[in-house]
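Chemist: PDB, C-alpha atoms, pLDDT in the B column, saved as run.pdb, coming up:
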ATOM      1  CA  MET B   1      51.302  60.006 169.178  1.00 32.00           C
ATOM      2  CA  ARG B   2      51.921  57.206 171.653  1.00 37.00           C
ATOM      3  CA  LEU B   3      52.174  59.477 174.646  1.00 41.00           C
ATOM      4  CA  ARG B   4      48.423  58.969 174.949  1.00 42.00           C
ATOM      5  CA  ASP B   5      48.622  55.183 174.803  1.00 43.00           C
ATOM      6  CA  GLY B   6      50.665  54.682 177.937  1.00 43.00           C
ATOM      7  CA  LYS B   7      53.878  53.763 176.119  1.00 50.00           C
ATOM      8  CA  ILE B   8      56.072  56.280 177.925  1.00 49.00           C
ATOM      9  CA  PHE B   9      54.054  58.850 179.848  1.00 51.00           C
ATOM     10  CA  GLY B  10      50.722  57.133 180.159  1.00 55.00           C
ATOM     11  CA  ARG B  11      48.911  59.254 182.750  1.00 53.00           C
ATOM     12  CA  GLY B  12      49.165  62.442 180.697  1.00 53.00           C
ATOM     13  CA  GLY B  13      46.456  61.058 178.450  1.00 56.00           C
ATOM     14  CA  ASP B  14      44.075  60.990 181.438  1.00 61.00           C
ATOM     15  CA  ALA B  15      44.261  64.757 181.937  1.00 67.00           C
ATOM     16  CA  GLU B  16      42.262  67.495 180.284  1.00 69.00           C
ATOM     17  CA  PHE B  17      43.749  70.755 179.033  1.00 70.00           C
ATOM     18  CA  SER B  18      45.716  72.734 181.667  1.00 66.00           C
ATOM     19  CA  ALA B  19      45.758  69.809 184.119  1.00 65.00           C
ATOM     20  CA  SER B  20      48.965  68.165 185.345  1.00 65.00           C
ATOM     21  CA  LEU B  21      49.638  64.741 186.803  1.00 63.00           C
ATOM     22  CA  PRO B  22      52.607  63.125 188.527  1.00 67.00           C
ATOM     23  CA  ASP B  23      54.003  60.153 186.634  1.00 64.00           C
ATOM     24  CA  GLN B  24      56.916  57.759 186.640  1.00 63.00           C
ATOM     25  CA  ARG B  25      58.260  56.027 183.567  1.00 58.00           C
ATOM     26  CA  ARG B  26      61.572  54.306 182.950  1.00 65.00           C
ATOM     27  CA  ASP B  27      62.561  55.038 186.575  1.00 78.00           C
ATOM     28  CA  VAL B  28      62.134  58.783 186.043  1.00 83.00           C
ATOM     29  CA  THR B  29      59.808  60.772 188.291  1.00 84.00           C
ATOM     30  CA  CYS B  30      58.194  63.565 186.320  1.00 85.00           C
ATOM     31  CA  THR B  31      55.141  65.772 185.931  1.00 86.00           C
ATOM     32  CA  VAL B  32      53.144  65.683 182.703  1.00 83.00           C
ATOM     33  CA  SER B  33      50.865  68.644 181.983  1.00 85.00           C
ATOM     34  CA  ARG B  34      48.423  68.833 179.105  1.00 84.00           C
ATOM     35  CA  SER B  35      49.234  72.434 178.332  1.00 82.00           C
ATOM     36  CA  GLY B  36      51.087  72.688 175.046  1.00 75.00           C
ATOM     37  CA  TYR B  37      51.940  76.190 173.824  1.00 84.00           C
ATOM     38  CA  THR B  38      50.830  75.738 170.219  1.00 89.00           C
ATOM     39  CA  GLY B  39      47.022  75.643 170.293  1.00 89.00           C
ATOM     40  CA  GLU B  40      47.161  71.909 169.655  1.00 87.00           C
ATOM     41  CA  ASP B  41      46.500  69.080 172.116  1.00 86.00           C
ATOM     42  CA  GLY B  42      50.023  68.954 173.526  1.00 83.00           C
ATOM     43  CA  PHE B  43      52.008  67.983 176.575  1.00 83.00           C
ATOM     44  CA  GLU B  44      54.810  69.504 178.608  1.00 86.00           C
ATOM     45  CA  ILE B  45      57.047  67.259 180.691  1.00 87.00           C
ATOM     46  CA  SER B  46      58.910  68.479 183.776  1.00 89.00           C
ATOM     47  CA  LEU B  47      61.688  66.192 184.979  1.00 89.00           C
ATOM     48  CA  PRO B  48      65.205  66.304 186.450  1.00 92.00           C
ATOM     49  CA  ALA B  49      67.729  67.863 184.076  1.00 95.00           C
ATOM     50  CA  ALA B  50      69.986  64.817 184.379  1.00 93.00           C
ATOM     51  CA  ASP B  51      67.267  62.647 182.791  1.00 91.00           C
ATOM     52  CA  ALA B  52      66.202  65.052 180.048  1.00 92.00           C
ATOM     53  CA  GLU B  53      68.434  63.740 177.259  1.00 93.00           C
ATOM     54  CA  ARG B  54      67.522  60.109 177.883  1.00 90.00           C
ATOM     55  CA  ILE B  55      63.793  60.788 177.923  1.00 88.00           C
ATOM     56  CA  ALA B  56      64.061  62.999 174.825  1.00 90.00           C
ATOM     57  CA  LYS B  57      65.729  60.145 172.954  1.00 91.00           C
ATOM     58  CA  LEU B  58      63.000  57.736 174.076  1.00 88.00           C
ATOM     59  CA  LEU B  59      60.348  60.110 172.774  1.00 87.00           C
ATOM     60  CA  LEU B  60      62.125  60.605 169.452  1.00 92.00           C
ATOM     61  CA  ALA B  61      62.314  56.828 169.006  1.00 91.00           C
ATOM     62  CA  GLU B  62      58.489  56.687 168.893  1.00 87.00           C
ATOM     63  CA  ASP B  63      56.655  56.553 165.560  1.00 88.00           C
ATOM     64  CA  GLY B  64      55.322  59.955 164.514  1.00 85.00           C
ATOM     65  CA  VAL B  65      57.572  61.971 166.835  1.00 88.00           C
ATOM     66  CA  GLU B  66      59.962  64.497 165.300  1.00 90.00           C
ATOM     67  CA  PRO B  67      61.898  67.426 166.796  1.00 92.00           C
ATOM     68  CA  ILE B  68      61.057  71.004 165.893  1.00 88.00           C
ATOM     69  CA  GLY B  69      62.788  74.275 166.684  1.00 89.00           C
ATOM     70  CA  LEU B  70      61.582  77.242 168.675  1.00 88.00           C
ATOM     71  CA  GLY B  71      60.846  79.100 165.437  1.00 90.00           C
ATOM     72  CA  ALA B  72      58.224  76.507 164.478  1.00 92.00           C
ATOM     73  CA  ARG B  73      56.784  76.593 167.990  1.00 91.00           C
ATOM     74  CA  ASP B  74      56.538  80.393 167.818  1.00 94.00           C
ATOM     75  CA  THR B  75      54.705  80.261 164.470  1.00 95.00           C
ATOM     76  CA  LEU B  76      52.131  77.865 165.945  1.00 95.00           C
ATOM     77  CA  ARG B  77      51.886  80.060 169.045  1.00 96.00           C
ATOM     78  CA  LEU B  78      51.099  83.055 166.855  1.00 98.00           C
ATOM     79  CA  GLU B  79      48.507  81.169 164.784  1.00 98.00           C
ATOM     80  CA  ALA B  80      46.828  80.186 168.064  1.00 97.00           C
ATOM     81  CA  GLY B  81      46.802  83.822 169.223  1.00 98.00           C
ATOM     82  CA  LEU B  82      48.776  83.074 172.394  1.00 97.00           C
ATOM     83  CA  CYS B  83      50.778  85.746 174.220  1.00 97.00           C
ATOM     84  CA  LEU B  84      54.554  85.629 174.622  1.00 96.00           C
ATOM     85  CA  TYR B  85      56.230  87.589 177.398  1.00 96.00           C
ATOM     86  CA  GLY B  86      58.412  90.306 175.927  1.00 96.00           C
ATOM     87  CA  HIS B  87      55.977  90.701 173.029  1.00 98.00           C
ATOM     88  CA  GLU B  88      52.302  90.758 174.054  1.00 98.00           C
ATOM     89  CA  LEU B  89      53.190  91.193 177.721  1.00 96.00           C
ATOM     90  CA  ASN B  90      55.957  93.169 179.407  1.00 96.00           C
ATOM     91  CA  GLU B  91      56.500  95.812 182.076  1.00 94.00           C
ATOM     92  CA  THR B  92      54.433  98.315 180.050  1.00 94.00           C
ATOM     93  CA  ILE B  93      51.684  96.026 178.668  1.00 97.00           C
ATOM     94  CA  THR B  94      49.181  94.810 181.245  1.00 96.00           C
ATOM     95  CA  PRO B  95      47.280  91.498 181.120  1.00 96.00           C
ATOM     96  CA  ILE B  96      44.076  93.488 180.583  1.00 97.00           C
ATOM     97  CA  GLU B  97      45.514  95.188 177.507  1.00 98.00           C
ATOM     98  CA  ALA B  98      46.675  91.779 176.301  1.00 97.00           C
ATOM     99  CA  GLY B  99      43.132  90.403 176.610  1.00 96.00           C
ATOM    100  CA  LEU B 100      43.886  88.107 179.550  1.00 96.00           C
ATOM    101  CA  ASN B 101      41.128  89.263 181.900  1.00 93.00           C
ATOM    102  CA  TRP B 102      40.235  85.630 182.621  1.00 90.00           C
ATOM    103  CA  ILE B 103      43.421  85.024 184.634  1.00 91.00           C
ATOM    104  CA  PHE B 104      42.193  87.225 187.503  1.00 90.00           C
ATOM    105  CA  LYS B 105      39.966  85.573 190.076  1.00 87.00           C
ATOM    106  CA  LYS B 106      36.661  87.376 190.514  1.00 86.00           C
ATOM    107  CA  GLY B 107      36.647  89.484 193.661  1.00 87.00           C
ATOM    108  CA  HIS B 108      40.405  89.161 194.194  1.00 89.00           C
ATOM    109  CA  THR B 109      41.964  92.584 194.809  1.00 92.00           C
ATOM    110  CA  ASP B 110      45.217  91.921 196.677  1.00 92.00           C
ATOM    111  CA  PHE B 111      47.955  91.296 194.100  1.00 92.00           C
ATOM    112  CA  PRO B 112      50.892  93.212 192.564  1.00 91.00           C
ATOM    113  CA  GLY B 113      49.664  95.908 190.194  1.00 92.00           C
ATOM    114  CA  ALA B 114      46.100  95.630 191.474  1.00 94.00           C
ATOM    115  CA  GLU B 115      45.446  99.360 191.327  1.00 94.00           C
ATOM    116  CA  THR B 116      46.191  99.544 187.599  1.00 94.00           C
ATOM    117  CA  ILE B 117      44.547  96.223 186.726  1.00 94.00           C
ATOM    118  CA  LEU B 118      41.330  96.929 188.620  1.00 94.00           C
ATOM    119  CA  ALA B 119      41.061 100.408 187.103  1.00 95.00           C
ATOM    120  CA  GLN B 120      41.440  98.956 183.601  1.00 95.00           C
ATOM    121  CA  ARG B 121      38.835  96.296 184.327  1.00 91.00           C
ATOM    122  CA  GLN B 122      36.438  98.934 185.602  1.00 90.00           C
ATOM    123  CA  ASN B 123      36.962 101.573 182.915  1.00 92.00           C
ATOM    124  CA  ALA B 124      38.375  99.501 180.010  1.00 90.00           C
ATOM    125  CA  ALA B 125      41.971  99.827 178.897  1.00 94.00           C
ATOM    126  CA  GLY B 126      42.861 102.431 176.300  1.00 95.00           C
ATOM    127  CA  ARG B 127      44.481  99.851 174.033  1.00 97.00           C
ATOM    128  CA  ARG B 128      43.894  96.182 173.305  1.00 97.00           C
ATOM    129  CA  ARG B 129      45.581  93.211 171.654  1.00 98.00           C
ATOM    130  CA  VAL B 130      44.124  92.221 168.273  1.00 98.00           C
ATOM    131  CA  GLY B 131      44.861  89.941 165.361  1.00 98.00           C
ATOM    132  CA  LEU B 132      45.861  91.340 161.976  1.00 98.00           C
ATOM    133  CA  LEU B 133      45.636  89.812 158.507  1.00 98.00           C
ATOM    134  CA  VAL B 134      48.385  91.224 156.294  1.00 98.00           C
ATOM    135  CA  GLU B 135      47.755  92.022 152.633  1.00 96.00           C
ATOM    136  CA  GLY B 136      50.386  90.628 150.278  1.00 93.00           C
ATOM    137  CA  LYS B 137      53.242  88.278 151.136  1.00 92.00           C
ATOM    138  CA  ILE B 138      55.603  90.490 153.158  1.00 92.00           C
ATOM    139  CA  PRO B 139      55.517  89.621 156.898  1.00 93.00           C
ATOM    140  CA  VAL B 140      55.093  92.519 159.310  1.00 97.00           C
ATOM    141  CA  ARG B 141      57.406  91.939 162.285  1.00 96.00           C
ATOM    142  CA  ASP B 142      57.192  93.017 165.892  1.00 97.00           C
ATOM    143  CA  GLY B 143      57.987  96.666 166.427  1.00 97.00           C
ATOM    144  CA  ALA B 144      56.307  97.879 163.229  1.00 97.00           C
ATOM    145  CA  ILE B 145      54.312 101.073 163.774  1.00 96.00           C
ATOM    146  CA  LEU B 146      50.615 101.022 162.865  1.00 98.00           C
ATOM    147  CA  LEU B 147      48.788 103.972 161.315  1.00 97.00           C
ATOM    148  CA  ASP B 148      45.085 104.685 160.808  1.00 97.00           C
ATOM    149  CA  SER B 149      43.545 105.998 157.586  1.00 94.00           C
ATOM    150  CA  ALA B 150      44.533 109.550 158.544  1.00 96.00           C
ATOM    151  CA  GLY B 151      48.170 108.588 159.061  1.00 95.00           C
ATOM    152  CA  ARG B 152      48.034 108.829 162.846  1.00 97.00           C
ATOM    153  CA  GLU B 153      50.090 106.400 164.928  1.00 97.00           C
ATOM    154  CA  VAL B 154      47.593 104.095 166.638  1.00 98.00           C
ATOM    155  CA  GLY B 155      49.563 101.050 167.756  1.00 98.00           C
ATOM    156  CA  ILE B 156      52.469  98.689 167.380  1.00 98.00           C
ATOM    157  CA  VAL B 157      52.891  95.130 166.132  1.00 98.00           C
ATOM    158  CA  THR B 158      53.884  92.751 168.941  1.00 98.00           C
ATOM    159  CA  SER B 159      54.364  89.525 166.931  1.00 98.00           C
ATOM    160  CA  GLY B 160      54.328  88.808 163.220  1.00 98.00           C
ATOM    161  CA  SER B 161      55.246  86.003 160.859  1.00 97.00           C
ATOM    162  CA  PHE B 162      54.112  84.000 157.847  1.00 96.00           C
ATOM    163  CA  SER B 163      51.354  81.509 158.672  1.00 97.00           C
ATOM    164  CA  PRO B 164      51.868  78.145 156.933  1.00 95.00           C
ATOM    165  CA  THR B 165      48.316  77.113 157.845  1.00 96.00           C
ATOM    166  CA  LEU B 166      46.682  80.212 156.336  1.00 97.00           C
ATOM    167  CA  ASN B 167      49.350  80.684 153.641  1.00 97.00           C
ATOM    168  CA  ARG B 168      49.626  84.393 154.374  1.00 97.00           C
ATOM    169  CA  PRO B 169      51.364  86.767 156.815  1.00 98.00           C
ATOM    170  CA  ILE B 170      49.634  87.386 160.132  1.00 98.00           C
ATOM    171  CA  ALA B 171      50.391  89.509 163.174  1.00 98.00           C
ATOM    172  CA  MET B 172      49.213  90.490 166.614  1.00 98.00           C
ATOM    173  CA  ALA B 173      49.293  94.085 167.759  1.00 98.00           C
ATOM    174  CA  LEU B 174      48.441  96.460 170.553  1.00 98.00           C
ATOM    175  CA  ILE B 175      46.195  99.218 169.186  1.00 98.00           C
ATOM    176  CA  ASP B 176      43.870 101.993 170.334  1.00 98.00           C
ATOM    177  CA  ARG B 177      40.635 100.570 171.722  1.00 97.00           C
ATOM    178  CA  ALA B 178      38.494 102.558 169.270  1.00 97.00           C
ATOM    179  CA  LEU B 179      40.021 100.662 166.327  1.00 98.00           C
ATOM    180  CA  THR B 180      39.724  97.085 167.587  1.00 98.00           C
ATOM    181  CA  ALA B 181      36.557  96.126 165.673  1.00 98.00           C
ATOM    182  CA  ALA B 182      36.999  93.284 163.176  1.00 98.00           C
ATOM    183  CA  GLY B 183      37.366  94.635 159.645  1.00 98.00           C
ATOM    184  CA  THR B 184      39.130  97.870 160.633  1.00 98.00           C
ATOM    185  CA  ARG B 185      41.801  98.752 158.076  1.00 98.00           C
ATOM    186  CA  LEU B 186      45.256  99.884 159.181  1.00 98.00           C
ATOM    187  CA  ASN B 187      48.684 100.396 157.663  1.00 98.00           C
ATOM    188  CA  ALA B 188      52.050  99.184 158.923  1.00 97.00           C
ATOM    189  CA  VAL B 189      55.269 100.994 158.130  1.00 88.00           C
ATOM    190  CA  VAL B 190      57.827  98.474 156.822  1.00 91.00           C
ATOM    191  CA  ARG B 191      61.057  99.716 155.229  1.00 87.00           C
ATOM    192  CA  ASN B 192      59.475 103.116 154.607  1.00 84.00           C
ATOM    193  CA  SER B 193      56.541 101.494 152.786  1.00 87.00           C
ATOM    194  CA  ALA B 194      52.920 101.167 153.935  1.00 92.00           C
ATOM    195  CA  ILE B 195      51.471  97.661 154.090  1.00 97.00           C
ATOM    196  CA  GLU B 196      47.729  97.211 154.512  1.00 98.00           C
ATOM    197  CA  LEU B 197      46.329  95.107 157.353  1.00 98.00           C
ATOM    198  CA  THR B 198      42.857  94.201 158.560  1.00 98.00           C
ATOM    199  CA  VAL B 199      41.875  93.674 162.201  1.00 98.00           C
ATOM    200  CA  CYS B 200      40.505  90.163 162.771  1.00 98.00           C
ATOM    201  CA  PRO B 201      39.378  87.986 165.722  1.00 97.00           C
ATOM    202  CA  LEU B 202      41.806  85.727 167.563  1.00 98.00           C
ATOM    203  CA  PRO B 203      42.843  82.972 167.298  1.00 98.00           C
ATOM    204  CA  PHE B 204      43.779  82.776 163.609  1.00 98.00           C
ATOM    205  CA  VAL B 205      43.562  78.976 163.769  1.00 97.00           C
ATOM    206  CA  PRO B 206      41.047  77.312 166.150  1.00 95.00           C
ATOM    207  CA  HIS B 207      42.477  75.694 169.280  1.00 92.00           C
ATOM    208  CA  ARG B 208      42.284  71.927 169.540  1.00 87.00           C
ATOM    209  CA  TYR B 209      42.732  71.454 173.261  1.00 85.00           C
ATOM    210  CA  HIS B 210      41.444  68.285 174.928  1.00 75.00           C
ATOM    211  CA  LYS B 211      38.575  69.248 177.205  1.00 75.00           C
ATOM    212  CA  LEU B 212      36.327  66.802 179.001  1.00 67.00           C
ATOM    213  CA  ALA B 213      32.584  66.922 178.403  1.00 63.00           C
ATOM    214  CA  ARG B 214      30.720  68.462 181.344  1.00 58.00           C
TER     215      ARG B 214
END
What do you get writing this file as structure tokens?
Modeler:
Amino acid sequence: MRLRDGKIFGRGGDAEFSASLPDQRRDVTCTVSRSGYTGEDGFEISLPAADAERIAKLLLAEDGVEPIGLGARDTLRLEAGLCLYGHELNETITPIEAGLNWIFKKGHTDFPGAETILAQRQNAAGRRRVGLLVEGKIPVRDGAILLDSAGREVGIVTSGSFSPTLNRPIAMALIDRALTAAGTRLNAVVRNSAIELTVCPLPFVPHRYHKLAR
């Protein structure tokens, strides 16, 4: 992809994952961040709305560049095990439950929700986000209830779809902490039928971020 070769947004190729750089190309001032939301080595470009269509057309004119929809982006996001607000995070799911402990600076205690977050860090949250491999070919969508071997409700699916890379349905879920070990078998209720799932590590597909050697 010629973004890295200085054809349009040259300085983005100088950054490592999560870094951003100011840039100017074709008389457009913009910010290029190496922080794609797919698990791949990607870029996000922030620029004035009035210039967006023109720059998009310039990008699409490059060899190897094609548009994709949000559905494709969301499938890649799920394969990479990345959280989406409204699914793996919301007003009732904390970052600790979602497995995002790393976003909190060590020793920092003055922030919204600190009392709950710090208590969960100290004592461990009662539920955690996990990956699930689905048996069969029927996807298990967000909102599906999860049951343990005794038929007890133990969690809920937060995101689910068919993985083109793995050629099978996958899902992420929020489940009771005691059941988060890889290999744990659960059932999802889909259209009054039970579908078997197995807890697995995240991500489903390894990340390919660009990180500089230290």
Chemist: Any chance you could resolve the PyMOL selection byres ((chain B and resi 193) around 12) against this file and give the residues as a PyMOL selection string?
Modeler: chain B and resi 138+140+144-147+187-192+194-196
Chemist: Suppose a student applies the PyMOL selection byres ((chain B and resi 47) around 7) to this structure; what residues should they get, written as a PyMOL selection string?
Modeler: chain B and resi 29-31+45-46+48-49+51-52
Chemist: Quick check, in Å to one decimal: how far apart do CA of Pro164 (chain B) and CA of Val205 (chain B) lie?
Modeler: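 A separation of 10.8 Å between them.
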Chemist: Using the chain letters and residue numbers of this document, give as a ChimeraX atom specification the residues selected by the PyMOL selection byres ((chain B and resi 169-184) around 9).
Modeler: /B:78-79,81,88,93,97-98,124-142,146,148,154-164,166-168,185-186,197-202,204
Chemist: With all atoms listed in the file counted, which protein, DNA or RNA residues have an atom no more than 7 Å from (44.8, 69.8, 176.9) in the file frame? Please answer as a PDB file with C-alpha atoms, in the frame of the given file.
Modeler:
ATOM      1  CA  GLU B  16      42.262  67.495 180.284  1.00 69.00           C
ATOM      2  CA  PHE B  17      43.749  70.755 179.033  1.00 70.00           C
ATOM      3  CA  SER B  18      45.716  72.734 181.667  1.00 66.00           C
ATOM      4  CA  ARG B  34      48.423  68.833 179.105  1.00 84.00           C
ATOM      5  CA  SER B  35      49.234  72.434 178.332  1.00 82.00           C
ATOM      6  CA  ASP B  41      46.500  69.080 172.116  1.00 86.00           C
ATOM      7  CA  GLY B  42      50.023  68.954 173.526  1.00 83.00           C
ATOM      8  CA  TYR B 209      42.732  71.454 173.261  1.00 85.00           C
ATOM      9  CA  HIS B 210      41.444  68.285 174.928  1.00 75.00           C
ATOM     10  CA  LYS B 211      38.575  69.248 177.205  1.00 75.00           C
TER      11      LYS B 211
END
Chemist: Which residue gives the smallest distance to Gly71 (chain B) among B:Thr38, B:Ala50, B:Gly113, B:Asn123, with only C-alpha atoms counted?
Modeler: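 Once distances to Gly71 (chain B) are computed over only C-alpha atoms, the minimum belongs to B:Thr38.
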Chemist: To one decimal place in Å, what is the distance between CA of Pro203 (chain B) and CA of Ala80 (chain B)?
Modeler: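 Between these atoms lies a distance of 4.9 Å.
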Chemist: Which one is closest to Gly39 (chain B): B:Leu76, B:Ala150, B:Leu100, B:Leu89? Count only C-alpha atoms.
Modeler: B:Leu76
Chemist: Could you give me the axis-aligned bounding box of region 56-59 of chain B, with 5 Å of padding per side, as centre plus edge lengths in Å to one decimal, as JSON?
Modeler:
{"center_x": 63.0, "center_y": 60.4, "center_z": 173.8, "size_x": 15.4, "size_y": 15.3, "size_z": 12.1}
Chemist: One decimal, in Å: what's the spacing between CA of Gly99 (chain B) and CA of Glu40 (chain B)?
Modeler: 20.2 Å
